[in-house]
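Structure below is protein16.pdb: PDB, C-alpha atoms and all ligand atoms.
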ATOM      1  CA  MET E 800      -0.378  26.741  72.236
ATOM      2  CA  ARG E 801      -3.810  25.116  72.016
ATOM      3  CA  ILE E 802      -4.433  23.336  68.735
ATOM      4  CA  VAL E 803      -7.648  21.773  67.451
ATOM      5  CA  VAL E 804      -6.960  19.138  64.780
ATOM      6  CA  LEU E 805      -9.824  17.747  62.670
ATOM      7  CA  THR E 806      -8.955  14.576  60.771
ATOM      8  CA  GLY E 807     -10.806  12.853  57.943
ATOM      9  CA  ALA E 808     -10.528   9.734  55.823
ATOM     10  CA  GLY E 809      -7.343  10.971  54.099
ATOM     11  CA  VAL E 810      -5.331  10.464  57.294
ATOM     12  CA  SER E 811      -6.109   6.727  57.209
ATOM     13  CA  ALA E 812      -5.907   6.294  53.416
ATOM     14  CA  GLU E 813      -2.305   5.086  53.534
ATOM     15  CA  SER E 814      -3.312   2.511  56.162
ATOM     16  CA  GLY E 815      -5.491   0.891  53.497
ATOM     17  CA  LEU E 816      -8.868   2.278  54.601
ATOM     18  CA  GLY E 817     -10.640   3.854  51.657
ATOM     19  CA  THR E 818     -11.695   7.485  51.444
ATOM     20  CA  PHE E 819     -15.272   8.438  50.563
ATOM     21  CA  ARG E 820     -14.686  11.024  47.854
ATOM     22  CA  ASP E 821     -11.769  11.953  45.641
ATOM     23  CA  LYS E 822     -11.267  13.800  42.428
ATOM     24  CA  ALA E 823     -10.460  10.526  40.580
ATOM     25  CA  GLY E 824     -13.918   9.146  41.465
ATOM     26  CA  THR E 825     -12.548   6.056  43.240
ATOM     27  CA  GLY E 826     -13.923   6.767  46.729
ATOM     28  CA  ILE E 827     -16.318   4.534  48.675
ATOM     29  CA  TRP E 828     -19.344   6.671  47.719
ATOM     30  CA  ALA E 829     -18.465   6.303  44.013
ATOM     31  CA  LYS E 830     -19.003   2.531  44.396
ATOM     32  CA  PHE E 831     -21.737   2.416  47.033
ATOM     33  CA  ASP E 832     -24.863   4.533  47.504
ATOM     34  CA  PRO E 833     -24.601   6.537  50.763
ATOM     35  CA  MET E 834     -28.384   6.937  50.922
ATOM     36  CA  ARG E 835     -28.763   3.130  51.139
ATOM     37  CA  LEU E 836     -25.768   2.494  53.410
ATOM     38  CA  ALA E 837     -25.333   5.550  55.624
ATOM     39  CA  THR E 838     -28.804   6.809  56.556
ATOM     40  CA  PRO E 839     -31.276   5.594  59.204
ATOM     41  CA  GLU E 840     -33.821   5.145  56.401
ATOM     42  CA  GLY E 841     -31.439   2.899  54.442
ATOM     43  CA  PHE E 842     -30.808   0.803  57.561
ATOM     44  CA  ALA E 843     -34.543   0.475  58.272
ATOM     45  CA  ALA E 844     -35.212  -0.608  54.685
ATOM     46  CA  ASP E 845     -32.380  -3.160  54.395
ATOM     47  CA  PRO E 846     -30.432  -3.796  57.615
ATOM     48  CA  GLU E 847     -28.664  -6.877  56.228
ATOM     49  CA  THR E 848     -27.019  -4.911  53.411
ATOM     50  CA  VAL E 849     -25.936  -2.149  55.817
ATOM     51  CA  HIS E 850     -24.551  -4.704  58.291
ATOM     52  CA  ALA E 851     -22.608  -6.421  55.472
ATOM     53  CA  PHE E 852     -21.049  -3.077  54.449
ATOM     54  CA  TYR E 853     -19.897  -2.260  58.000
ATOM     55  CA  ASN E 854     -18.890  -5.882  58.771
ATOM     56  CA  ALA E 855     -16.501  -5.833  55.781
ATOM     57  CA  ARG E 856     -15.041  -2.488  56.876
ATOM     58  CA  ARG E 857     -14.697  -3.719  60.500
ATOM     59  CA  ARG E 858     -12.725  -6.781  59.354
ATOM     60  CA  ASN E 859     -10.516  -4.567  57.177
ATOM     61  CA  LEU E 860      -9.898  -2.175  60.095
ATOM     62  CA  ILE E 861      -8.823  -4.975  62.433
ATOM     63  CA  GLU E 862      -6.090  -5.881  59.890
ATOM     64  CA  ALA E 863      -5.008  -2.250  59.294
ATOM     65  CA  LYS E 864      -2.147  -0.450  61.020
ATOM     66  CA  PRO E 865      -1.666   3.223  61.900
ATOM     67  CA  ASN E 866       0.672   5.185  59.625
ATOM     68  CA  ALA E 867       3.218   7.950  60.175
ATOM     69  CA  ALA E 868       0.501  10.640  60.223
ATOM     70  CA  HIS E 869      -1.288   9.008  63.176
ATOM     71  CA  ALA E 870       2.062   8.589  64.957
ATOM     72  CA  ALA E 871       2.988  12.250  64.404
ATOM     73  CA  LEU E 872      -0.330  13.432  65.898
ATOM     74  CA  ALA E 873       0.254  11.230  68.961
ATOM     75  CA  ARG E 874       3.713  12.856  69.364
ATOM     76  CA  LEU E 875       2.125  16.284  68.992
ATOM     77  CA  GLU E 876      -0.319  15.553  71.846
ATOM     78  CA  THR E 877       2.547  14.629  74.182
ATOM     79  CA  GLY E 878       4.773  17.505  73.043
ATOM     80  CA  LEU E 879       2.101  20.166  73.497
ATOM     81  CA  SER E 880       1.100  18.911  76.923
ATOM     82  CA  VAL E 881       4.751  18.898  78.091
ATOM     83  CA  ARG E 882       4.974  22.552  77.004
ATOM     84  CA  GLY E 883       1.784  23.510  78.888
ATOM     85  CA  GLY E 884      -0.464  23.613  75.804
ATOM     86  CA  GLY E 885      -2.887  21.069  74.484
ATOM     87  CA  LEU E 886      -4.142  19.164  71.475
ATOM     88  CA  PHE E 887      -7.871  18.589  70.960
ATOM     89  CA  LEU E 888      -8.062  15.844  68.353
ATOM     90  CA  VAL E 889     -11.463  15.430  66.735
ATOM     91  CA  THR E 890     -11.841  12.875  64.004
ATOM     92  CA  GLN E 891     -14.593  12.146  61.511
ATOM     93  CA  ASN E 892     -13.055   8.689  61.141
ATOM     94  CA  ILE E 893     -14.708   5.699  62.737
ATOM     95  CA  ASP E 894     -11.444   3.730  62.835
ATOM     96  CA  ASP E 895      -9.273   3.430  65.977
ATOM     97  CA  LEU E 896      -5.926   4.160  64.312
ATOM     98  CA  HIS E 897      -5.286   7.388  66.269
ATOM     99  CA  GLU E 898      -5.663   5.452  69.535
ATOM    100  CA  ARG E 899      -3.490   2.586  68.300
ATOM    101  CA  ALA E 900      -0.767   5.108  67.359
ATOM    102  CA  GLY E 901      -0.801   6.408  70.944
ATOM    103  CA  SER E 902      -3.228   9.357  70.965
ATOM    104  CA  ARG E 903      -4.845   9.404  74.405
ATOM    105  CA  HIS E 904      -7.780  11.746  73.827
ATOM    106  CA  VAL E 905      -9.733  11.379  70.586
ATOM    107  CA  LEU E 906     -13.261  12.629  69.967
ATOM    108  CA  HIS E 907     -14.977  10.470  67.313
ATOM    109  CA  MET E 908     -17.682  12.820  66.074
ATOM    110  CA  HIS E 909     -19.030  10.248  63.552
ATOM    111  CA  GLY E 910     -18.845   7.296  65.959
ATOM    112  CA  GLU E 911     -16.655   4.196  66.182
ATOM    113  CA  LEU E 912     -16.662   1.087  64.013
ATOM    114  CA  LEU E 913     -15.479  -1.169  66.851
ATOM    115  CA  LYS E 914     -18.525  -0.284  68.944
ATOM    116  CA  ALA E 915     -22.206  -1.136  68.547
ATOM    117  CA  ARG E 916     -25.231   0.631  69.965
ATOM    118  CA  CYS E 917     -28.583  -0.732  71.082
ATOM    119  CA  SER E 918     -31.389   0.661  68.923
ATOM    120  CA  ASP E 919     -33.687   0.345  71.934
ATOM    121  CA  CYS E 920     -31.850   1.417  75.127
ATOM    122  CA  GLY E 921     -28.967   3.294  73.464
ATOM    123  CA  ALA E 922     -26.247   1.373  75.378
ATOM    124  CA  VAL E 923     -22.875   1.348  73.602
ATOM    125  CA  ALA E 924     -20.689  -1.770  73.740
ATOM    126  CA  ASP E 925     -17.281  -2.735  72.322
ATOM    127  CA  TRP E 926     -17.898  -4.876  69.222
ATOM    128  CA  ARG E 927     -15.251  -6.598  67.070
ATOM    129  CA  ASP E 928     -17.421  -9.349  65.567
ATOM    130  CA  ASP E 929     -19.824  -9.154  62.658
ATOM    131  CA  LEU E 930     -23.195  -7.563  63.418
ATOM    132  CA  GLY E 931     -26.404  -9.120  62.109
ATOM    133  CA  LEU E 932     -30.136  -9.209  62.603
ATOM    134  CA  GLU E 933     -29.625 -11.646  65.482
ATOM    135  CA  SER E 934     -27.219  -9.332  67.387
ATOM    136  CA  ALA E 935     -29.160  -8.610  70.595
ATOM    137  CA  CYS E 936     -28.187  -5.991  73.165
ATOM    138  CA  PRO E 937     -26.099  -7.675  75.889
ATOM    139  CA  GLY E 938     -27.378  -5.259  78.543
ATOM    140  CA  CYS E 939     -31.046  -4.513  77.993
ATOM    141  CA  GLY E 940     -33.958  -6.719  78.756
ATOM    142  CA  ASN E 941     -35.948  -5.250  75.892
ATOM    143  CA  GLY E 942     -34.413  -7.464  73.189
ATOM    144  CA  GLY E 943     -33.003  -4.380  71.482
ATOM    145  CA  GLU E 944     -31.042  -4.890  68.242
ATOM    146  CA  MET E 945     -27.457  -3.692  68.012
ATOM    147  CA  ARG E 946     -26.578  -1.314  65.165
ATOM    148  CA  PRO E 947     -23.198   0.122  64.145
ATOM    149  CA  HIS E 948     -22.205   2.975  66.509
ATOM    150  CA  VAL E 949     -21.728   5.385  63.626
ATOM    151  CA  VAL E 950     -23.358   8.696  62.697
ATOM    152  CA  TRP E 951     -25.323   8.474  59.482
ATOM    153  CA  PHE E 952     -26.591  11.339  57.329
ATOM    154  CA  GLY E 953     -29.437  13.092  59.102
ATOM    155  CA  GLU E 954     -28.190  12.026  62.558
ATOM    156  CA  VAL E 955     -26.568  14.466  64.965
ATOM    157  CA  PRO E 956     -22.770  14.127  65.277
ATOM    158  CA  LEU E 957     -21.319  13.383  68.720
ATOM    159  CA  GLY E 958     -19.570  15.795  71.091
ATOM    160  CA  LEU E 959     -20.524  19.015  69.294
ATOM    161  CA  ASP E 960     -20.571  21.049  72.540
ATOM    162  CA  LEU E 961     -17.061  19.900  73.466
ATOM    163  CA  ILE E 962     -15.800  20.636  69.946
ATOM    164  CA  GLU E 963     -17.330  24.108  70.002
ATOM    165  CA  THR E 964     -15.718  24.905  73.356
ATOM    166  CA  ALA E 965     -12.305  23.635  72.217
ATOM    167  CA  LEU E 966     -12.527  25.554  68.952
ATOM    168  CA  MET E 967     -13.408  28.833  70.626
ATOM    169  CA  SER E 968     -10.390  28.639  72.950
ATOM    170  CA  ALA E 969      -7.880  27.431  70.332
ATOM    171  CA  ASP E 970      -4.913  29.304  68.901
ATOM    172  CA  LEU E 971      -4.824  27.195  65.728
ATOM    173  CA  PHE E 972      -7.282  24.990  63.805
ATOM    174  CA  VAL E 973      -5.838  22.358  61.459
ATOM    175  CA  ALA E 974      -7.905  20.161  59.087
ATOM    176  CA  ILE E 975      -6.117  17.047  57.827
ATOM    177  CA  GLY E 976      -7.268  14.668  55.074
ATOM    178  CA  THR E 977     -10.862  15.809  54.831
ATOM    179  CA  SER E 978     -12.716  16.921  51.704
ATOM    180  CA  GLY E 979     -14.655  19.566  53.633
ATOM    181  CA  SER E 980     -17.930  18.428  52.111
ATOM    182  CA  VAL E 981     -19.808  17.051  55.125
ATOM    183  CA  TYR E 982     -21.352  19.359  57.722
ATOM    184  CA  PRO E 983     -21.086  20.340  60.506
ATOM    185  CA  ALA E 984     -17.349  19.434  60.388
ATOM    186  CA  ALA E 985     -16.921  21.309  57.092
ATOM    187  CA  GLY E 986     -18.074  24.478  58.875
ATOM    188  CA  PHE E 987     -15.430  24.426  61.622
ATOM    189  CA  VAL E 988     -12.936  26.385  59.519
ATOM    190  CA  ALA E 989     -15.429  29.215  59.007
ATOM    191  CA  GLU E 990     -16.189  29.265  62.736
ATOM    192  CA  ALA E 991     -12.486  29.381  63.555
ATOM    193  CA  ARG E 992     -11.888  32.199  61.068
ATOM    194  CA  ALA E 993     -14.821  34.178  62.422
ATOM    195  CA  ALA E 994     -13.290  33.858  65.897
ATOM    196  CA  GLY E 995      -9.920  35.129  64.618
ATOM    197  CA  ILE E 996      -8.204  31.748  64.977
ATOM    198  CA  ARG E 997      -5.437  30.851  62.532
ATOM    199  CA  THR E 998      -6.315  27.979  60.187
ATOM    200  CA  CYS E 999      -4.255  25.403  58.273
ATOM    201  CA  GLU E1000      -5.200  22.662  55.801
ATOM    202  CA  ILE E1001      -3.090  19.538  55.200
ATOM    203  CA  ASN E1002      -4.411  17.379  52.374
ATOM    204  CA  LEU E1003      -3.415  15.474  49.271
ATOM    205  CA  GLU E1004      -5.048  18.152  47.130
ATOM    206  CA  PRO E1005      -7.029  21.344  47.815
ATOM    207  CA  SER E1006     -10.306  20.550  49.583
ATOM    208  CA  ASP E1007     -13.688  22.151  48.867
ATOM    209  CA  ASN E1008     -12.841  24.731  51.580
ATOM    210  CA  ALA E1009      -9.209  25.379  50.637
ATOM    211  CA  GLY E1010      -9.771  29.109  50.171
ATOM    212  CA  MET E1011     -10.798  29.455  53.831
ATOM    213  CA  PHE E1012      -7.398  28.415  55.220
ATOM    214  CA  ASP E1013      -4.562  30.809  56.093
ATOM    215  CA  GLU E1014      -1.958  28.104  55.437
ATOM    216  CA  ARG E1015      -2.115  25.138  53.029
ATOM    217  CA  ARG E1016       0.194  22.140  52.861
ATOM    218  CA  TYR E1017      -0.318  19.466  50.196
ATOM    219  CA  GLY E1018       1.048  15.928  50.032
ATOM    220  CA  PRO E1019       0.310  12.461  51.402
ATOM    221  CA  ALA E1020      -0.575  12.631  55.101
ATOM    222  CA  SER E1021       2.203  10.172  56.029
ATOM    223  CA  GLU E1022       4.731  12.787  54.855
ATOM    224  CA  ALA E1023       2.923  16.113  55.253
ATOM    225  CA  VAL E1024       1.778  15.583  58.857
ATOM    226  CA  PRO E1025       5.182  14.530  60.291
ATOM    227  CA  ALA E1026       6.751  17.465  58.396
ATOM    228  CA  TRP E1027       4.238  19.868  59.979
ATOM    229  CA  VAL E1028       4.595  18.404  63.490
ATOM    230  CA  ALA E1029       8.435  18.409  63.386
TER
HETATM  231  C1  LIG H   1      -5.572  12.396  51.504
HETATM  232  C2  LIG H   1      -4.919  11.233  51.216
HETATM  233  C3  LIG H   1      -3.670  11.081  51.771
HETATM  234  C4  LIG H   1      -6.768  11.140  50.217
HETATM  235  N1  LIG H   1      -3.162  12.042  52.526
HETATM  236  N2  LIG H   1      -5.059  13.346  52.259
HETATM  237  C5  LIG H   1     -26.997  20.469  52.293
HETATM  238  C6  LIG H   1     -26.121  21.485  52.672
HETATM  239  C7  LIG H   1     -25.402  21.426  53.871
HETATM  240  C8  LIG H   1     -25.541  20.343  54.731
HETATM  241  C9  LIG H   1     -26.432  19.345  54.369
HETATM  242  C10 LIG H   1     -27.145  19.404  53.169
HETATM  243  N3  LIG H   1     -27.897  18.284  53.085
HETATM  244  C11 LIG H   1     -27.674  17.530  54.177
HETATM  245  C12 LIG H   1     -26.780  18.162  54.970
HETATM  246  C13 LIG H   1     -26.225  17.659  56.255
HETATM  247  C14 LIG H   1     -25.302  16.482  56.036
HETATM  248  C15 LIG H   1     -24.238  16.885  55.022
HETATM  249  O1  LIG H   1     -23.276  17.563  55.331
HETATM  250  N4  LIG H   1     -24.363  16.437  53.776
HETATM  251  C16 LIG H   1     -23.420  16.823  52.731
HETATM  252  C17 LIG H   1     -23.115  15.616  51.862
HETATM  253  C18 LIG H   1     -23.981  18.014  51.978
HETATM  254  N5  LIG H   1     -24.692  16.171  57.319
HETATM  255  C19 LIG H   1     -25.290  15.373  58.175
HETATM  256  O2  LIG H   1     -26.323  14.792  57.927
HETATM  257  C20 LIG H   1     -24.617  15.241  59.525
HETATM  258  N6  LIG H   1     -25.558  15.509  60.550
HETATM  259  C21 LIG H   1     -26.154  16.714  60.675
HETATM  260  O3  LIG H   1     -25.931  17.657  59.922
HETATM  261  O4  LIG H   1     -27.038  16.755  61.731
HETATM  262  C22 LIG H   1     -27.791  17.950  61.908
HETATM  263  C23 LIG H   1     -27.230  18.758  63.036
HETATM  264  C24 LIG H   1     -25.942  19.237  62.975
HETATM  265  C25 LIG H   1     -25.449  20.023  64.004
HETATM  266  C26 LIG H   1     -26.233  20.299  65.081
HETATM  267  C27 LIG H   1     -27.526  19.814  65.152
HETATM  268  C28 LIG H   1     -28.033  19.047  64.108
HETATM  269  C29 LIG H   1     -24.124  13.826  59.747
HETATM  270  C30 LIG H   1     -23.000  13.480  58.829
HETATM  271  C31 LIG H   1     -22.649  11.995  58.963
HETATM  272  C32 LIG H   1     -21.536  11.582  58.031
HETATM  273  N7  LIG H   1     -21.449  10.171  58.022
HETATM  274  C33 LIG H   1     -20.381   9.547  57.221
HETATM  275  C34 LIG H   1     -20.604   8.002  57.213
HETATM  276  C35 LIG H   1     -20.653   7.372  58.589
HETATM  277  C36 LIG H   1     -19.351   6.843  59.057
HETATM  278  C37 LIG H   1     -18.718   5.815  58.099
HETATM  279  O5  LIG H   1     -19.422   4.990  57.483
HETATM  280  O6  LIG H   1     -17.468   5.802  58.005
HETATM  281  O7  LIG H   1     -19.116   9.925  57.748
HETATM  282  S1  LIG H   1     -20.356  10.104  55.524
HETATM  283  C38 LIG H   1     -18.608  10.108  55.377
HETATM  284  O8  LIG H   1     -18.191  11.474  55.102
HETATM  285  C39 LIG H   1     -18.062   9.728  56.770
HETATM  286  C40 LIG H   1     -16.962  10.742  56.929
HETATM  287  O9  LIG H   1     -16.643  10.928  58.297
HETATM  288  C41 LIG H   1     -17.530  11.976  56.269
HETATM  289  C42 LIG H   1     -16.481  13.002  55.867
HETATM  290  O10 LIG H   1     -15.620  12.488  54.915
HETATM  291  P1  LIG H   1     -14.068  12.893  54.938
HETATM  292  O11 LIG H   1     -13.432  12.379  56.159
HETATM  293  O12 LIG H   1     -13.928  14.329  54.650
HETATM  294  O13 LIG H   1     -13.510  11.992  53.737
HETATM  295  P2  LIG H   1     -13.568  12.263  52.163
HETATM  296  O14 LIG H   1     -13.417  10.937  51.520
HETATM  297  O15 LIG H   1     -14.718  13.083  51.782
HETATM  298  O16 LIG H   1     -12.250  13.134  51.887
HETATM  299  C43 LIG H   1     -10.965  12.560  52.004
HETATM  300  C44 LIG H   1      -9.943  13.636  51.721
HETATM  301  O17 LIG H   1      -8.659  13.078  51.965
HETATM  302  C45 LIG H   1      -9.947  14.127  50.255
HETATM  303  O18 LIG H   1      -9.900  15.559  50.259
HETATM  304  C46 LIG H   1      -8.640  13.564  49.682
HETATM  305  O19 LIG H   1      -8.005  14.455  48.779
HETATM  306  C47 LIG H   1      -7.799  13.413  50.897
HETATM  307  N8  LIG H   1      -6.796  12.352  50.817
HETATM  308  N9  LIG H   1      -5.725  10.484  50.367
HETATM  309  C48 LIG H   1      -3.899  13.181  52.712
HETATM  310  N10 LIG H   1      -2.920   9.954  51.516
END

Mind turning the file's structure into structure tokens?
Amino acid sequence: MRIVVLTGAGVSAESGLGTFRDKAGTGIWAKFDPMRLATPEGFAADPETVHAFYNARRRNLIEAKPNAAHAALARLETGLSVRGGGLFLVTQNIDDLHERAGSRHVLHMHGELLKARCSDCGAVADWRDDLGLESACPGCGNGGEMRPHVVWFGEVPLGLDLIETALMSADLFVAIGTSGSVYPAAGFVAEARAAGIRTCEINLEPSDNAGMFDERRYGPASEAVPAWVA
């Protein structure tokens, strides 16, 4: 059995990392303007404010711990590979909680908070400290400035070719803890359906795409994911 799992902010919610959108209106984008904080134009206009936003989230992430949903997905990877199948885990999350729970192969399509990228040469480096205007690229002689290694609105997500290939050879596509409102990830379920692949949603509440899934399981990820993996 080859399974493609797409995770979103809901999988890390119980680890204390906020989600972006929820029906109660308490998500990150209800408090902060995504056009100012998560676009290249916002960063160009006010890099200090964008750095402060990601610096606070980086510090919070370093204190956070994976939860039972991350652990269950790490067990699933091992279990499927022992049985001759495979898990392709693609996450929209920029945290490293899947890796810390033991997942060995994780594709971060929206980048990684604990990495920074040179705006000039494009080099990516591990980065656990605060970023600021004075953060120069350690590798390039061009004096390039480091920016968060994340994918903002209007930028192209990472690894799309690999995701497409995995999706087209999967037996099952499962979306966990994602609102299904940001493309191209929100379109994966339609692609899977069109290719005749079975689809399943695991979420706290029905997502924007709930009607597209063959199977739906609702509850907190820390309970619903281990129950599905078992
Ligand atoms: C729980 C739970 C618990 C809570 N247990 N569950 C008009 C139409 C269509 C598309 C567009 C359009 N205008 C613009 C676009 C494109 C745009 C887009 O989709 N915009 C939409 C808002 C409409 N997309 C882009 O710009 C992307 N790039 C792109 O399209 O490039 C062009 C291209 C594509 C393909 C090929 C070639 C070219 C880039 C998108 C970048 C997204 N960036 C962000 C921020 C950066 C990272 C960061 O700061 O962290 O990524 S935005 C934010 O949303 C973040 C997330 O990864 C992303 C998705 O959010 P997610 O994970 O779904 O979280 P939430 O909060 O939305 O949902 C959480 C869910 O969990 C909820 O359902 C809860 O119920 C649930 N939950 N607690 C289980 N305990």

When you look at Phe831 (chain E) with a cut-off of 12 Å (counting only C-alpha atoms), what residues show up, excluding the ones that are within fewer than 5 positions of it in the same chain? I need them as an mmCIF file with C-alpha atoms, in the coordinates of the input.
data_model
loop_
_atom_site.group_PDB
_atom_site.id
_atom_site.type_symbol
_atom_site.label_atom_id
_atom_site.label_comp_id
_atom_site.auth_asym_id
_atom_site.auth_seq_id
_atom_site.Cartn_x
_atom_site.Cartn_y
_atom_site.Cartn_z
ATOM 1 C CA PHE E 819 -15.272 8.438 50.563
ATOM 2 C CA ARG E 820 -14.686 11.024 47.854
ATOM 3 C CA GLY E 824 -13.918 9.146 41.465
ATOM 4 C CA THR E 825 -12.548 6.056 43.240
ATOM 5 C CA GLY E 826 -13.923 6.767 46.729
ATOM 6 C CA LEU E 836 -25.768 2.494 53.410
ATOM 7 C CA ALA E 837 -25.333 5.550 55.624
ATOM 8 C CA THR E 848 -27.019 -4.911 53.411
ATOM 9 C CA VAL E 849 -25.936 -2.149 55.817
ATOM 10 C CA PHE E 852 -21.049 -3.077 54.449
#

*Produce as a PyMOL selection string the set of residues near ligand LIG 1 (chain H), where near means within 7 Å with only C-alpha atoms and all ligand atoms considered.*
chain E and resi 806-810+812-813+818-821+826+837+891-893+909-910+949-956+975-983+1001-1006+1018-1021

Put those residues in a file: C-alpha atoms, as a PDB file, in the frame of the given file.
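Saved result, selection38.pdb, follows:
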ATOM      1  CA  THR E 806      -8.955  14.576  60.771  1.00  0.00           C
ATOM      2  CA  GLY E 807     -10.806  12.853  57.943  1.00  0.00           C
ATOM      3  CA  ALA E 808     -10.528   9.734  55.823  1.00  0.00           C
ATOM      4  CA  GLY E 809      -7.343  10.971  54.099  1.00  0.00           C
ATOM      5  CA  VAL E 810      -5.331  10.464  57.294  1.00  0.00           C
ATOM      6  CA  ALA E 812      -5.907   6.294  53.416  1.00  0.00           C
ATOM      7  CA  GLU E 813      -2.305   5.086  53.534  1.00  0.00           C
ATOM      8  CA  THR E 818     -11.695   7.485  51.444  1.00  0.00           C
ATOM      9  CA  PHE E 819     -15.272   8.438  50.563  1.00  0.00           C
ATOM     10  CA  ARG E 820     -14.686  11.024  47.854  1.00  0.00           C
ATOM     11  CA  ASP E 821     -11.769  11.953  45.641  1.00  0.00           C
ATOM     12  CA  GLY E 826     -13.923   6.767  46.729  1.00  0.00           C
ATOM     13  CA  ALA E 837     -25.333   5.550  55.624  1.00  0.00           C
ATOM     14  CA  GLN E 891     -14.593  12.146  61.511  1.00  0.00           C
ATOM     15  CA  ASN E 892     -13.055   8.689  61.141  1.00  0.00           C
ATOM     16  CA  ILE E 893     -14.708   5.699  62.737  1.00  0.00           C
ATOM     17  CA  HIS E 909     -19.030  10.248  63.552  1.00  0.00           C
ATOM     18  CA  GLY E 910     -18.845   7.296  65.959  1.00  0.00           C
ATOM     19  CA  VAL E 949     -21.728   5.385  63.626  1.00  0.00           C
ATOM     20  CA  VAL E 950     -23.358   8.696  62.697  1.00  0.00           C
ATOM     21  CA  TRP E 951     -25.323   8.474  59.482  1.00  0.00           C
ATOM     22  CA  PHE E 952     -26.591  11.339  57.329  1.00  0.00           C
ATOM     23  CA  GLY E 953     -29.437  13.092  59.102  1.00  0.00           C
ATOM     24  CA  GLU E 954     -28.190  12.026  62.558  1.00  0.00           C
ATOM     25  CA  VAL E 955     -26.568  14.466  64.965  1.00  0.00           C
ATOM     26  CA  PRO E 956     -22.770  14.127  65.277  1.00  0.00           C
ATOM     27  CA  ILE E 975      -6.117  17.047  57.827  1.00  0.00           C
ATOM     28  CA  GLY E 976      -7.268  14.668  55.074  1.00  0.00           C
ATOM     29  CA  THR E 977     -10.862  15.809  54.831  1.00  0.00           C
ATOM     30  CA  SER E 978     -12.716  16.921  51.704  1.00  0.00           C
ATOM     31  CA  GLY E 979     -14.655  19.566  53.633  1.00  0.00           C
ATOM     32  CA  SER E 980     -17.930  18.428  52.111  1.00  0.00           C
ATOM     33  CA  VAL E 981     -19.808  17.051  55.125  1.00  0.00           C
ATOM     34  CA  TYR E 982     -21.352  19.359  57.722  1.00  0.00           C
ATOM     35  CA  PRO E 983     -21.086  20.340  60.506  1.00  0.00           C
ATOM     36  CA  ILE E1001      -3.090  19.538  55.200  1.00  0.00           C
ATOM     37  CA  ASN E1002      -4.411  17.379  52.374  1.00  0.00           C
ATOM     38  CA  LEU E1003      -3.415  15.474  49.271  1.00  0.00           C
ATOM     39  CA  GLU E1004      -5.048  18.152  47.130  1.00  0.00           C
ATOM     40  CA  PRO E1005      -7.029  21.344  47.815  1.00  0.00           C
ATOM     41  CA  SER E1006     -10.306  20.550  49.583  1.00  0.00           C
ATOM     42  CA  GLY E1018       1.048  15.928  50.032  1.00  0.00           C
ATOM     43  CA  PRO E1019       0.310  12.461  51.402  1.00  0.00           C
ATOM     44  CA  ALA E1020      -0.575  12.631  55.101  1.00  0.00           C
ATOM     45  CA  SER E1021       2.203  10.172  56.029  1.00  0.00           C
TER      46      SER E1021
END

Of E:Leu896, E:Val804, E:Ala922, E:Met967, the one nearest to Pro865 (chain E) when counting all atoms listed in the file is E:Leu896

Taking the file as shown, what set of residues would the PyMOL selection byres (((chain E and resi 1014-1016) around 8) and not hetatm) give back, as an mmCIF file with C-alpha atoms, in the frame of the given file?
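Okay, this is what ended up in result-v6.cif:
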data_model
loop_
_atom_site.group_PDB
_atom_site.id
_atom_site.type_symbol
_atom_site.label_atom_id
_atom_site.label_comp_id
_atom_site.auth_asym_id
_atom_site.auth_seq_id
_atom_site.Cartn_x
_atom_site.Cartn_y
_atom_site.Cartn_z
ATOM 1 C CA THR E 998 -6.315 27.979 60.187
ATOM 2 C CA CYS E 999 -4.255 25.403 58.273
ATOM 3 C CA GLU E 1000 -5.200 22.662 55.801
ATOM 4 C CA ILE E 1001 -3.090 19.538 55.200
ATOM 5 C CA ASN E 1002 -4.411 17.379 52.374
ATOM 6 C CA ALA E 1009 -9.209 25.379 50.637
ATOM 7 C CA PHE E 1012 -7.398 28.415 55.220
ATOM 8 C CA ASP E 1013 -4.562 30.809 56.093
ATOM 9 C CA TYR E 1017 -0.318 19.466 50.196
ATOM 10 C CA GLY E 1018 1.048 15.928 50.032
ATOM 11 C CA ALA E 1023 2.923 16.113 55.253
#

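Proximity to Gly1010 (chain E) was assessed for E:Arg992, E:Arg882, E:Arg874, E:Arg903 counting only C-alpha atoms; the smallest distance is recorded for E:Arg992.
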
Requested in this report: Taking the file as shown, find all residues satisfying the PyMOL selection byres (((chain E and resi 931-938) around 8) and not hetatm) and write them as a VMD selection string.
Outcome: chain E and resid 846 to 847 850 916 to 917 922 929 to 930 939 to 940 942 to 945

I'd like the neighbourhood of region 876-878 of chain E as a list in words, where a residue qualifies if any of its atoms comes within 9 Å (using all atoms listed in the file), though same-chain residues fewer than 3 positions away should be ignored.
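Here the qualifying residues turn out to be Ala871, Leu872, Ala873, Val881, Arg882, Gly883, Gly884, Gly885, Leu886, Phe887, Leu888, Ser902, Arg903 and His904 of chain E.
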